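Written out below as structure tokens is the structure these notes cover.
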Amino acid sequence: MSAVGTVYLVGAGPGDPGLLTARALELLATVDVVLHDKLIPVEALDGVRSDAQLIDVGKIGGGEQVPQEVTEALIVEHALAGRSVVRLKGGDPFVFGRGGEEAQACRRAGVPFEVVPGVTAGIAAAAYAGIPVTQRHVAAAVAFVTGHEDPAKPESQVDWPALAAFPGTLVFYMGVRQLGRISEQLIVGGRPADQPAAIVQRGTFPDQRAVHATLGTIAQAAEQAAVRAPAITIIGDVAALGEELAWRAEARPLAGVSVAVTRARAQASALAGRLRGLGAHVVEAPAIRIEPLDAQVPDLAAYDLLCVTSPNGADELLRRVLDARALAGPVIAAIGPGTARALAAHGIVADVVPDRSVAEALVEALRAVPVTRALIARAQEARDILPDALRERGAEVTVLPLYRTVAEPLDEAARAAVLGADYATFTSASSARFFHAAAGTLDGPRILSIGPITSDELRSLGRAPDVEAPVHTPDGLVDALLADVAARHR
Ligand code: SAH
């Protein structure tokens with residue numbers, strides 16, 4: 001049999017995927033098995049190997065949880081079978097994460113392990129709320145405390161009088177419900193009731209919320225604000241700095257809104273990034289992929305018009321043009337601003353760019369341009385509006401298919417994530433068609449279409465879009481989404 005696999009006890013950070021460590025991402029991309037908790041950034045699992053085994057051992061808010069012994073047994077069992085294992089835990093694995101117990105289980109079983117620390121919630125949630133847990137002249141020490149226990153219980157492991165007297169910041173994990181009793185014990189122990197306190201819910205997530213009060217009033221303030229787990233409570237003078245140093249706009253316009261992006265992976269990141277920046281939870285589920293065709297670009301000097309009808313067309317064309325001087329002759333037309341930007345990225349400023357990215361608009365914009373021979377660089381499957389219109393004008397037209405759009409396989413988890421999202425975005429007819437073919441339905445999310453062609457496709461699939469972007473670009477799509485979210489919350 002194969003050798004024993006290594007177990008990696010990995011911290012996933014507090015929620016913001018940007019706080020995953022480089023080492024965590026590297027291991028996630030390589031191991032055979034990932035056993036993960038509920039409270040991890042969902043994006044953490046994006047980069048796992050497609051044949052890796054994912055096991056959810058988390059619990060849902062106090063609900064059912066895989067018992068710790070079972071989790072430990074699973075870790076050991078997979079490693080002994082020769083598989084490499086990431087045990088992925090929220091925050092840091094050794095801070096209230098039972099990572100120490102899992103390391104002991106590995107040691108007992110003779111399984112080699114490594115520990116990858118993570119950004120712990122007690123520091124990160126505070127920082128994202130503008131609270132430095134230590135500060136010169138304000139707090140020279142910080143204590144991480146579990147708020148899980150009922151302080152009134154005689155068997156409590158926490159020494160409450162000692163904690164009350166602790167000369168520094170107290171950071172409580174867990175125990176939102178014990179907050180009343182915790183603050184009471186601290187005040188009884190001599191901590192001033194007017195000491196600043198703050199509670200940060202879902203720190204570093206797009207829907208993070210912070211509530212500021214004093215030790216004496218924090219429990220009531222948290223209850224009034226309906227604060228729920230996961231939350232971190234910070235008690236000490238530094239908590240007041242959060243009001244001065246808050247740097248992260250709370251309640252961003254798309255906070256709490258999940259949006260599925262179905263465009264090709266290569267193009268999804270700008271749209272996904274903009275949506276994340278607005279606070280959305282983004283589900284990336286590419287429905288399509290661009291597959292270059294084996295096509296040669298003819299001598300461009302023979303043409304007086306070169307039309308490029310998509311950003312992919314621009315990239316695929318210019319990848320094949322080895323000498324930039326070949327482009328000096330023809331008038332160059334882009335179908336819209338996105339394609340013009342893709343050309344500009346290759347150092348080419350289009351001569352003709354209609355505002356609306358549809359073939360009809362390009363036909364219109366070309367009316368004043370004399371054409372005898374035109375070359376159209378485009379996808380294999382595309383409408384023939386443009387070549388037909390140019391031929392009608394008497395031009396000789398060559399259509400040059402440079403790539404085709406093919407379906408990207410959709411796994412069950414991605415399908416469920418898209419159909420369970422608040423919105424699904426479609427930036428092309430092909431992404432709508434291929435997603436529908438793979439998922440079998442478009443029912444569930446509100447459907448956002450980038451423009452009329454995509455909308456027609458959606459209607460022919462039996463699901464008219466709920467929103468069509470007035471401006472047919474990814475930015476226009478985001479603006480339409482913002483308007484729809486705002487209108488529905490009014
Ligand atoms: N190992 C984790 C802590 C696990 S205990 C770490 O190092 O962060 C679970 C508790 O962590 C929650 O009850 C909550 O108090 C805190 N927590 C985890 N993620 C959080 C977040 N994003 N915002 C606020 N608190 C969080």
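Each chain in the structure tokens gets a letter, A, B and so on, in the order shown; residues start at 1 in every chain, and ligands are counted from 1 in the order they appear.
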
Would you mind listing what lies within 10 Å of A:Gly189 as a PyMOL selection string, with only C-alpha atoms counted and same-chain residues fewer than 6 positions away left out? chain A and resi 160-165+183

File of the preceding selection, all heavy atoms, as a PDB file, in the first residue's frame:
ATOM      1  N   TRP A 160     -12.918  34.382  36.541  1.00  0.00           N
ATOM      2  CA  TRP A 160     -13.554  35.668  36.250  1.00  0.00           C
ATOM      3  C   TRP A 160     -12.946  36.839  37.013  1.00  0.00           C
ATOM      4  O   TRP A 160     -12.694  37.893  36.407  1.00  0.00           O
ATOM      5  CB  TRP A 160     -15.073  35.589  36.428  1.00  0.00           C
ATOM      6  CG  TRP A 160     -15.642  34.720  35.347  1.00  0.00           C
ATOM      7  CD1 TRP A 160     -15.925  33.392  35.434  1.00  0.00           C
ATOM      8  CD2 TRP A 160     -15.885  35.092  33.989  1.00  0.00           C
ATOM      9  NE1 TRP A 160     -16.346  32.907  34.219  1.00  0.00           N
ATOM     10  CE2 TRP A 160     -16.330  33.925  33.317  1.00  0.00           C
ATOM     11  CE3 TRP A 160     -15.769  36.270  33.268  1.00  0.00           C
ATOM     12  CZ2 TRP A 160     -16.677  33.925  31.971  1.00  0.00           C
ATOM     13  CZ3 TRP A 160     -16.123  36.275  31.933  1.00  0.00           C
ATOM     14  CH2 TRP A 160     -16.558  35.108  31.290  1.00  0.00           C
ATOM     15  N   PRO A 161     -12.670  36.704  38.302  1.00  0.00           N
ATOM     16  CA  PRO A 161     -12.055  37.847  38.992  1.00  0.00           C
ATOM     17  C   PRO A 161     -10.705  38.223  38.375  1.00  0.00           C
ATOM     18  O   PRO A 161     -10.395  39.400  38.196  1.00  0.00           O
ATOM     19  CB  PRO A 161     -11.894  37.338  40.433  1.00  0.00           C
ATOM     20  CG  PRO A 161     -12.925  36.269  40.572  1.00  0.00           C
ATOM     21  CD  PRO A 161     -13.028  35.619  39.226  1.00  0.00           C
ATOM     22  N   ALA A 162      -9.912  37.199  38.019  1.00  0.00           N
ATOM     23  CA  ALA A 162      -8.606  37.484  37.410  1.00  0.00           C
ATOM     24  C   ALA A 162      -8.791  38.192  36.065  1.00  0.00           C
ATOM     25  O   ALA A 162      -8.058  39.120  35.718  1.00  0.00           O
ATOM     26  CB  ALA A 162      -7.827  36.183  37.206  1.00  0.00           C
ATOM     27  N   LEU A 163      -9.804  37.756  35.314  1.00  0.00           N
ATOM     28  CA  LEU A 163     -10.065  38.342  34.008  1.00  0.00           C
ATOM     29  C   LEU A 163     -10.536  39.787  34.156  1.00  0.00           C
ATOM     30  O   LEU A 163     -10.143  40.663  33.367  1.00  0.00           O
ATOM     31  CB  LEU A 163     -11.134  37.511  33.304  1.00  0.00           C
ATOM     32  CG  LEU A 163     -11.041  37.441  31.802  1.00  0.00           C
ATOM     33  CD1 LEU A 163      -9.681  36.954  31.345  1.00  0.00           C
ATOM     34  CD2 LEU A 163     -12.124  36.505  31.282  1.00  0.00           C
ATOM     35  N   ALA A 164     -11.355  40.016  35.155  1.00  0.00           N
ATOM     36  CA  ALA A 164     -11.851  41.379  35.397  1.00  0.00           C
ATOM     37  C   ALA A 164     -10.665  42.314  35.646  1.00  0.00           C
ATOM     38  O   ALA A 164     -10.653  43.469  35.223  1.00  0.00           O
ATOM     39  CB  ALA A 164     -12.811  41.387  36.582  1.00  0.00           C
ATOM     40  N   ALA A 165      -9.640  41.778  36.335  1.00  0.00           N
ATOM     41  CA  ALA A 165      -8.487  42.606  36.691  1.00  0.00           C
ATOM     42  C   ALA A 165      -7.424  42.648  35.596  1.00  0.00           C
ATOM     43  O   ALA A 165      -6.417  43.355  35.724  1.00  0.00           O
ATOM     44  CB  ALA A 165      -7.863  42.057  37.987  1.00  0.00           C
ATOM     45  N   SER A 183     -20.652  40.214  31.164  1.00  0.00           N
ATOM     46  CA  SER A 183     -20.379  41.597  31.565  1.00  0.00           C
ATOM     47  C   SER A 183     -20.673  41.792  33.055  1.00  0.00           C
ATOM     48  O   SER A 183     -19.952  42.513  33.750  1.00  0.00           O
ATOM     49  CB  SER A 183     -21.153  42.588  30.696  1.00  0.00           C
ATOM     50  OG  SER A 183     -22.481  42.210  30.544  1.00  0.00           O
TER      51      SER A 183
END

Please find the residues contacting ligand 1 at a distance of at most 9 Å between atoms, with only C-alpha atoms and all ligand atoms counted, and report them as a tab-separated table (two decimals) with all heavy atoms, in the first residue's frame.
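Result went into result.tsv, see below:
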chain	number	residue	atom	x	y	z
A	11	GLY	N	-5.66	26.98	8.88
A	11	GLY	CA	-6.60	28.04	9.21
A	11	GLY	C	-7.09	28.70	7.93
A	11	GLY	O	-6.30	28.98	7.03
A	12	ALA	N	-8.40	28.93	7.85
A	12	ALA	CA	-8.98	29.53	6.63
A	12	ALA	C	-9.23	31.02	6.81
A	12	ALA	O	-9.74	31.67	5.91
A	12	ALA	CB	-10.29	28.83	6.29
A	13	GLY	N	-8.86	31.56	7.96
A	13	GLY	CA	-9.14	32.98	8.20
A	13	GLY	C	-10.59	33.18	8.58
A	13	GLY	O	-11.39	32.24	8.63
A	14	PRO	N	-10.95	34.43	8.84
A	14	PRO	CA	-12.25	34.73	9.44
A	14	PRO	C	-13.41	34.83	8.47
A	14	PRO	O	-14.55	34.90	8.90
A	14	PRO	CB	-11.99	36.10	10.08
A	14	PRO	CG	-10.97	36.73	9.18
A	14	PRO	CD	-10.08	35.62	8.73
A	15	GLY	N	-13.16	34.86	7.16
A	15	GLY	CA	-14.30	34.95	6.25
A	15	GLY	C	-13.97	35.62	4.93
A	15	GLY	O	-14.32	35.12	3.87
A	16	ASP	N	-13.27	36.75	4.99
A	16	ASP	CA	-12.85	37.41	3.76
A	16	ASP	C	-11.85	36.49	3.04
A	16	ASP	O	-10.81	36.15	3.61
A	16	ASP	CB	-12.18	38.75	4.12
A	16	ASP	CG	-11.69	39.52	2.89
A	16	ASP	OD1	-11.58	38.93	1.80
A	16	ASP	OD2	-11.39	40.71	3.04
A	39	LEU	N	-17.87	27.39	9.02
A	39	LEU	CA	-17.50	28.81	9.06
A	39	LEU	C	-16.17	29.07	8.35
A	39	LEU	O	-15.22	29.52	8.97
A	39	LEU	CB	-17.44	29.27	10.51
A	39	LEU	CG	-17.74	30.76	10.72
A	39	LEU	CD1	-19.19	31.08	10.39
A	39	LEU	CD2	-17.41	31.19	12.14
A	40	ILE	N	-16.14	28.81	7.05
A	40	ILE	CA	-14.94	29.12	6.26
A	40	ILE	C	-15.41	29.94	5.07
A	40	ILE	O	-16.57	29.87	4.71
A	40	ILE	CB	-14.23	27.83	5.77
A	40	ILE	CG1	-15.23	26.95	4.99
A	40	ILE	CG2	-13.61	27.07	6.92
A	40	ILE	CD1	-14.58	25.95	4.10
A	89	LYS	N	-10.11	24.89	8.92
A	89	LYS	CA	-10.90	25.39	10.04
A	89	LYS	C	-10.98	26.91	9.96
A	89	LYS	O	-10.06	27.56	9.50
A	89	LYS	CB	-10.24	24.98	11.36
A	89	LYS	CG	-9.99	23.49	11.42
A	89	LYS	CD	-9.04	23.11	12.51
A	89	LYS	CE	-9.75	22.98	13.82
A	89	LYS	NZ	-10.69	21.86	13.91
A	90	GLY	N	-12.08	27.46	10.45
A	90	GLY	CA	-12.24	28.91	10.45
A	90	GLY	C	-11.16	29.56	11.30
A	90	GLY	O	-10.69	28.99	12.29
A	91	GLY	N	-10.74	30.75	10.90
A	91	GLY	CA	-9.77	31.51	11.70
A	91	GLY	C	-8.45	30.78	11.78
A	91	GLY	O	-7.87	30.37	10.77
A	92	ASP	N	-7.96	30.60	12.99
A	92	ASP	CA	-6.71	29.89	13.23
A	92	ASP	C	-7.05	28.53	13.83
A	92	ASP	O	-7.92	28.43	14.69
A	92	ASP	CB	-5.85	30.68	14.22
A	92	ASP	CG	-4.53	29.98	14.49
A	92	ASP	OD1	-4.49	29.09	15.37
A	92	ASP	OD2	-3.55	30.30	13.80
A	93	PRO	N	-6.34	27.46	13.39
A	93	PRO	CA	-6.73	26.13	13.88
A	93	PRO	C	-6.48	25.90	15.37
A	93	PRO	O	-7.11	25.05	15.97
A	93	PRO	CB	-5.87	25.18	13.03
A	93	PRO	CG	-4.77	26.02	12.48
A	93	PRO	CD	-5.29	27.41	12.37
A	94	PHE	N	-5.55	26.69	15.94
A	94	PHE	CA	-5.20	26.47	17.35
A	94	PHE	C	-5.85	27.48	18.29
A	94	PHE	O	-5.54	27.52	19.47
A	94	PHE	CB	-3.66	26.50	17.52
A	94	PHE	CG	-2.98	25.18	17.16
A	94	PHE	CD1	-3.70	24.13	16.61
A	94	PHE	CD2	-1.62	25.01	17.41
A	94	PHE	CE1	-3.07	22.93	16.28
A	94	PHE	CE2	-0.98	23.80	17.10
A	94	PHE	CZ	-1.70	22.76	16.53
A	95	VAL	N	-6.71	28.36	17.76
A	95	VAL	CA	-7.40	29.30	18.63
A	95	VAL	C	-8.87	28.89	18.69
A	95	VAL	O	-9.61	29.06	17.72
A	95	VAL	CB	-7.29	30.76	18.10
A	95	VAL	CG1	-8.05	31.72	19.01
A	95	VAL	CG2	-5.82	31.17	18.00
A	96	PHE	N	-9.28	28.30	19.78
A	96	PHE	CA	-10.63	27.79	19.96
A	96	PHE	C	-11.09	26.98	18.76
A	96	PHE	O	-12.23	27.08	18.34
A	96	PHE	CB	-11.61	28.93	20.26
A	96	PHE	CG	-11.22	29.76	21.45
A	96	PHE	CD1	-11.03	31.13	21.34
A	96	PHE	CD2	-10.99	29.14	22.67
A	96	PHE	CE1	-10.63	31.87	22.45
A	96	PHE	CE2	-10.60	29.88	23.78
A	96	PHE	CZ	-10.41	31.25	23.67
A	97	GLY	N	-10.18	26.21	18.21
A	97	GLY	CA	-10.52	25.49	16.99
A	97	GLY	C	-10.38	23.98	17.15
A	97	GLY	O	-10.62	23.25	16.20
A	98	ARG	N	-9.96	23.52	18.31
A	98	ARG	CA	-9.76	22.09	18.58
A	98	ARG	C	-8.70	21.48	17.67
A	98	ARG	O	-8.62	20.26	17.52
A	98	ARG	CB	-11.09	21.33	18.49
A	98	ARG	CG	-12.15	21.96	19.40
A	98	ARG	CD	-13.38	21.10	19.55
A	98	ARG	NE	-13.12	19.93	20.40
A	98	ARG	CZ	-14.09	19.16	20.90
A	98	ARG	NH1	-15.35	19.44	20.64
A	98	ARG	NH2	-13.80	18.13	21.66
A	99	GLY	N	-7.90	22.37	17.06
A	99	GLY	CA	-6.81	21.87	16.20
A	99	GLY	C	-5.78	21.11	17.02
A	99	GLY	O	-5.18	20.15	16.54
A	117	PRO	N	-1.05	28.28	10.38
A	117	PRO	CA	-1.85	29.23	11.15
A	117	PRO	C	-2.74	30.06	10.24
A	117	PRO	O	-2.46	30.22	9.05
A	117	PRO	CB	-0.80	30.13	11.82
A	117	PRO	CG	0.47	29.36	11.76
A	117	PRO	CD	0.39	28.50	10.53
A	118	GLY	N	-3.81	30.56	10.80
A	118	GLY	CA	-4.72	31.42	10.03
A	118	GLY	C	-4.92	32.73	10.76
A	118	GLY	O	-4.50	32.89	11.90
A	119	VAL	N	-5.56	33.66	10.07
A	119	VAL	CA	-5.87	34.95	10.69
A	119	VAL	C	-7.07	34.73	11.62
A	119	VAL	O	-8.14	34.33	11.16
A	119	VAL	CB	-6.22	35.99	9.61
A	119	VAL	CG1	-6.59	37.31	10.27
A	119	VAL	CG2	-5.05	36.18	8.66
A	120	THR	N	-6.86	34.93	12.90
A	120	THR	CA	-7.92	34.61	13.85
A	120	THR	C	-8.97	35.72	13.93
A	120	THR	O	-8.66	36.91	13.76
A	120	THR	CB	-7.31	34.30	15.24
A	120	THR	OG1	-8.33	33.74	16.07
A	120	THR	CG2	-6.73	35.53	15.91
A	121	ALA	N	-10.22	35.31	14.15
A	121	ALA	CA	-11.34	36.26	14.14
A	121	ALA	C	-11.19	37.35	15.20
A	121	ALA	O	-11.58	38.50	14.97
A	121	ALA	CB	-12.66	35.52	14.36
A	122	GLY	N	-10.60	37.02	16.34
A	122	GLY	CA	-10.49	38.00	17.42
A	122	GLY	C	-9.68	39.22	17.02
A	122	GLY	O	-9.96	40.34	17.45
A	123	ILE	N	-8.70	39.01	16.18
A	123	ILE	CA	-7.89	40.13	15.69
A	123	ILE	C	-8.52	40.73	14.43
A	123	ILE	O	-8.64	41.94	14.29
A	123	ILE	CB	-6.45	39.65	15.39
A	123	ILE	CG1	-5.77	39.27	16.72
A	123	ILE	CG2	-5.66	40.74	14.68
A	123	ILE	CD1	-4.41	38.62	16.55
A	124	ALA	N	-8.96	39.84	13.51
A	124	ALA	CA	-9.43	40.33	12.21
A	124	ALA	C	-10.77	41.06	12.30
A	124	ALA	O	-10.94	42.11	11.69
A	124	ALA	CB	-9.54	39.16	11.24
A	125	ALA	N	-11.72	40.51	13.05
A	125	ALA	CA	-13.04	41.17	13.14
A	125	ALA	C	-12.85	42.53	13.79
A	125	ALA	O	-13.45	43.53	13.37
A	125	ALA	CB	-14.02	40.31	13.94
A	126	ALA	N	-11.99	42.58	14.82
A	126	ALA	CA	-11.71	43.86	15.47
A	126	ALA	C	-11.08	44.83	14.47
A	126	ALA	O	-11.53	45.97	14.32
A	126	ALA	CB	-10.79	43.64	16.67
A	146	THR	N	-12.82	32.37	25.88
A	146	THR	CA	-14.04	31.75	25.38
A	146	THR	C	-15.23	32.27	26.18
A	146	THR	O	-15.20	32.31	27.41
A	146	THR	CB	-13.99	30.21	25.45
A	146	THR	OG1	-15.31	29.73	25.16
A	146	THR	CG2	-13.56	29.70	26.81
A	147	GLY	N	-16.25	32.66	25.47
A	147	GLY	CA	-17.47	33.13	26.12
A	147	GLY	C	-18.51	32.04	26.13
A	147	GLY	O	-19.67	32.25	26.42
A	148	HIS	N	-18.05	30.85	25.81
A	148	HIS	CA	-18.93	29.71	25.64
A	148	HIS	C	-19.56	29.27	26.95
A	148	HIS	O	-20.67	28.80	27.00
A	148	HIS	CB	-18.08	28.58	25.07
A	148	HIS	CG	-18.88	27.45	24.53
A	148	HIS	ND1	-19.91	27.65	23.64
A	148	HIS	CD2	-18.82	26.11	24.76
A	148	HIS	CE1	-20.44	26.46	23.35
A	148	HIS	NE2	-19.80	25.54	24.01
A	172	PHE	N	-13.62	38.29	23.45
A	172	PHE	CA	-14.41	37.08	23.66
A	172	PHE	C	-14.85	36.46	22.36
A	172	PHE	O	-15.41	37.11	21.48
A	172	PHE	CB	-15.68	37.41	24.50
A	172	PHE	CG	-15.37	37.61	25.94
A	172	PHE	CD1	-15.07	38.88	26.43
A	172	PHE	CD2	-15.36	36.53	26.82
A	172	PHE	CE1	-14.77	39.07	27.76
A	172	PHE	CE2	-15.06	36.72	28.16
A	172	PHE	CZ	-14.76	37.99	28.63
A	173	TYR	N	-14.58	35.16	22.25
A	173	TYR	CA	-15.09	34.36	21.14
A	173	TYR	C	-16.36	33.66	21.63
A	173	TYR	O	-16.47	33.30	22.80
A	173	TYR	CB	-14.08	33.27	20.75
A	173	TYR	CG	-12.84	33.77	20.05
A	173	TYR	CD1	-11.91	34.56	20.69
A	173	TYR	CD2	-12.58	33.40	18.73
A	173	TYR	CE1	-10.76	35.00	20.04
A	173	TYR	CE2	-11.44	33.82	18.07
A	173	TYR	CZ	-10.53	34.62	18.73
A	173	TYR	OH	-9.40	35.04	18.09
A	174	MET	N	-17.28	33.43	20.72
A	174	MET	CA	-18.51	32.69	21.03
A	174	MET	C	-19.34	33.40	22.10
A	174	MET	O	-19.06	34.53	22.46
A	174	MET	CB	-18.20	31.25	21.47
A	174	MET	CG	-17.39	30.51	20.43
A	174	MET	SD	-16.75	28.92	20.98
A	174	MET	CE	-15.21	29.39	21.76
A	175	GLY	N	-20.41	32.75	22.53
A	175	GLY	CA	-21.14	33.22	23.69
A	175	GLY	C	-21.89	34.53	23.54
A	175	GLY	O	-21.99	35.30	24.50
A	176	VAL	N	-22.44	34.81	22.35
A	176	VAL	CA	-23.26	36.02	22.23
A	176	VAL	C	-24.38	35.98	23.27
A	176	VAL	O	-24.72	36.97	23.87
A	176	VAL	CB	-23.87	36.12	20.80
A	176	VAL	CG1	-24.77	37.34	20.68
A	176	VAL	CG2	-22.76	36.20	19.77
A	199	ILE	N	-19.12	44.91	19.78
A	199	ILE	CA	-19.36	43.54	19.31
A	199	ILE	C	-19.41	43.59	17.79
A	199	ILE	O	-20.03	44.48	17.21
A	199	ILE	CB	-20.61	42.92	19.96
A	199	ILE	CG1	-20.82	41.49	19.50
A	199	ILE	CG2	-21.86	43.75	19.71
A	199	ILE	CD1	-21.72	40.68	20.46
A	200	VAL	N	-18.67	42.65	17.16
A	200	VAL	CA	-18.57	42.66	15.70
A	200	VAL	C	-19.14	41.34	15.17
A	200	VAL	O	-18.60	40.26	15.46
A	200	VAL	CB	-17.11	42.82	15.21
A	200	VAL	CG1	-17.07	42.94	13.69
A	200	VAL	CG2	-16.46	44.04	15.87
A	201	GLN	N	-20.22	41.43	14.44
A	201	GLN	CA	-20.87	40.25	13.88
A	201	GLN	C	-20.37	40.01	12.46
A	201	GLN	O	-20.24	40.95	11.68
A	201	GLN	CB	-22.39	40.46	13.86
A	201	GLN	CG	-23.15	39.31	13.22
A	201	GLN	CD	-24.66	39.52	13.20
A	201	GLN	OE1	-25.20	40.22	14.03
A	201	GLN	NE2	-25.32	38.90	12.24
A	202	ARG	N	-20.09	38.74	12.15
A	202	ARG	CA	-19.62	38.36	10.80
A	202	ARG	C	-18.49	39.27	10.32
A	202	ARG	O	-18.52	39.78	9.19
A	202	ARG	CB	-20.78	38.32	9.81
A	202	ARG	CG	-21.70	37.11	10.08
A	202	ARG	CD	-22.83	36.95	9.10
A	202	ARG	NE	-22.41	36.85	7.71
A	202	ARG	CZ	-21.97	35.73	7.12
A	202	ARG	NH1	-21.89	34.61	7.79
A	202	ARG	NH2	-21.63	35.73	5.87
A	203	GLY	N	-17.51	39.47	11.22
A	203	GLY	CA	-16.38	40.31	10.88
A	203	GLY	C	-15.69	39.86	9.60
A	203	GLY	O	-15.52	38.66	9.38
A	204	THR	N	-15.32	40.79	8.77
A	204	THR	CA	-14.61	40.64	7.49
A	204	THR	C	-15.50	40.13	6.35
A	204	THR	O	-15.09	40.12	5.21
A	204	THR	CB	-13.34	39.74	7.54
A	204	THR	OG1	-13.68	38.37	7.49
A	204	THR	CG2	-12.47	40.05	8.76
A	205	PHE	N	-16.71	39.66	6.67
A	205	PHE	CA	-17.65	39.29	5.60
A	205	PHE	C	-18.26	40.58	5.06
A	205	PHE	O	-18.25	41.61	5.73
A	205	PHE	CB	-18.79	38.40	6.15
A	205	PHE	CG	-18.39	36.97	6.40
A	205	PHE	CD1	-18.08	36.53	7.68
A	205	PHE	CD2	-18.35	36.06	5.35
A	205	PHE	CE1	-17.72	35.21	7.91
A	205	PHE	CE2	-17.99	34.74	5.58
A	205	PHE	CZ	-17.68	34.31	6.86
A	208	GLN	N	-20.63	42.44	7.45
A	208	GLN	CA	-20.16	42.72	8.81
A	208	GLN	C	-20.95	43.86	9.47
A	208	GLN	O	-21.32	44.82	8.81
A	208	GLN	CB	-18.68	43.13	8.73
A	208	GLN	CG	-18.15	43.81	9.99
A	208	GLN	CD	-16.70	44.23	9.83
A	208	GLN	OE1	-15.89	43.46	9.34
A	208	GLN	NE2	-16.38	45.44	10.22
A	229	ALA	N	-24.49	35.03	16.31
A	229	ALA	CA	-23.20	34.40	16.02
A	229	ALA	C	-23.02	34.30	14.50
A	229	ALA	O	-24.03	34.22	13.80
A	229	ALA	CB	-23.17	33.00	16.63
A	230	PRO	N	-21.80	34.32	14.01
A	230	PRO	CA	-20.56	34.47	14.77
A	230	PRO	C	-20.27	35.94	15.08
A	230	PRO	O	-20.42	36.79	14.22
A	230	PRO	CB	-19.51	33.92	13.81
A	230	PRO	CG	-20.05	34.26	12.45
A	230	PRO	CD	-21.56	34.16	12.57
A	231	ALA	N	-19.88	36.17	16.31
A	231	ALA	CA	-19.54	37.54	16.69
A	231	ALA	C	-18.40	37.52	17.70
A	231	ALA	O	-18.24	36.57	18.46
A	231	ALA	CB	-20.75	38.24	17.28
A	232	ILE	N	-17.63	38.59	17.68
A	232	ILE	CA	-16.51	38.78	18.59
A	232	ILE	C	-16.85	39.99	19.48
A	232	ILE	O	-17.33	41.00	18.97
A	232	ILE	CB	-15.22	39.09	17.78
A	232	ILE	CG1	-14.67	37.83	17.13
A	232	ILE	CG2	-14.17	39.77	18.62
A	232	ILE	CD1	-14.00	36.86	18.07
A	233	THR	N	-16.60	39.85	20.78
A	233	THR	CA	-16.84	40.97	21.67
A	233	THR	C	-15.50	41.49	22.18
A	233	THR	O	-14.65	40.70	22.60
A	233	THR	CB	-17.71	40.53	22.87
A	233	THR	OG1	-18.90	39.93	22.35
A	233	THR	CG2	-18.08	41.73	23.74

Compile the contact shell of A:Arg393 as a ChimeraX atom specification: residues with an atom at most 12 Å away, counting only C-alpha atoms, same-chain residues fewer than 6 positions apart removed. /A:363,366-374,386-387

Determine, counting only C-alpha atoms, which protein, DNA and RNA residues have an atom within 6 Å of an atom of stretch 397-407 of chain A; residues of the same chain fewer than 5 positions away are not included. Present the result as an MDAnalysis selection string. chainID A and resid 287:293 295 373:380 434

With a cut-off of 12 Å, could you pull out the residues of stretch 193-278 of chain A touching stretch 410-416 of chain A and give me the nearest pair of atoms for each, distance in Å to one decimal, using only C-alpha atoms, ordered by chain and ascending number, as JSON lines?
{"residue": "A:Ala260", "atom": "CA", "partner": "A:Ala414", "partner_atom": "CA", "distance": 9.5}
{"residue": "A:Val261", "atom": "CA", "partner": "A:Ala414", "partner_atom": "CA", "distance": 10.8}
{"residue": "A:Thr262", "atom": "CA", "partner": "A:Ala414", "partner_atom": "CA", "distance": 10.3}

Option closest in space to A:Arg252, from A:Leu343, A:Leu482, A:Arg265, A:Gly394 [counting only C-alpha atoms]: A:Leu482

DSSP says alpha helix (DSSP H) for which residues of stretch 69-168 of chain A? Put them as a ChimeraX atom specification? /A:69-80,99-109,121-128,160-164

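By chain and then residue number, the residues within 6 Å of A:Thr214 are A:Asp194, A:Gln195, A:Pro196, A:Ala197, A:Thr217, A:Ile218, counting only C-alpha atoms and disregarding those fewer than 3 positions away in sequence.
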
Distance query stretch 68-79 of chain A at most 7 Å, only C-alpha atoms, self and fewer than 3 positions along chain excluded, as a PyMOL selection string: chain A and resi 4-7+57+82-85+102+105-106+109+111

Per DSSP on the backbone, what are the strand (DSSP E or B) residues of stretch 222-469 of chain A, as JSON, numbers by chain? {"A": [231, 232, 233, 234, 235, 258, 259, 260, 261, 281, 282, 283, 284, 288, 289, 290, 291, 292, 305, 306, 307, 308, 331, 332, 333, 334, 352, 373, 374, 375, 376, 377, 378, 379, 396, 397, 398, 399, 400, 401, 402, 403, 404, 405, 406, 407, 423, 424, 425, 426, 446, 447, 448, 449, 467, 468]}

To one decimal place, how far is atom CA of A:Tyr303 from atom CA of A:Ala324 in Å? 15.3 Å

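Around A:Arg181, within 8 Å and counting only C-alpha atoms, the residues found are A:Asp150, A:Pro151, A:Ala152, A:Gln178, A:Leu179, A:Ser183, A:Glu184, A:Gln185, once anything fewer than 2 positions away on its own chain is removed.
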
A:Val34, A:Ala328, A:Ala266, A:Leu362: which is nearest A:Val308, counting only C-alpha atoms? A:Leu362
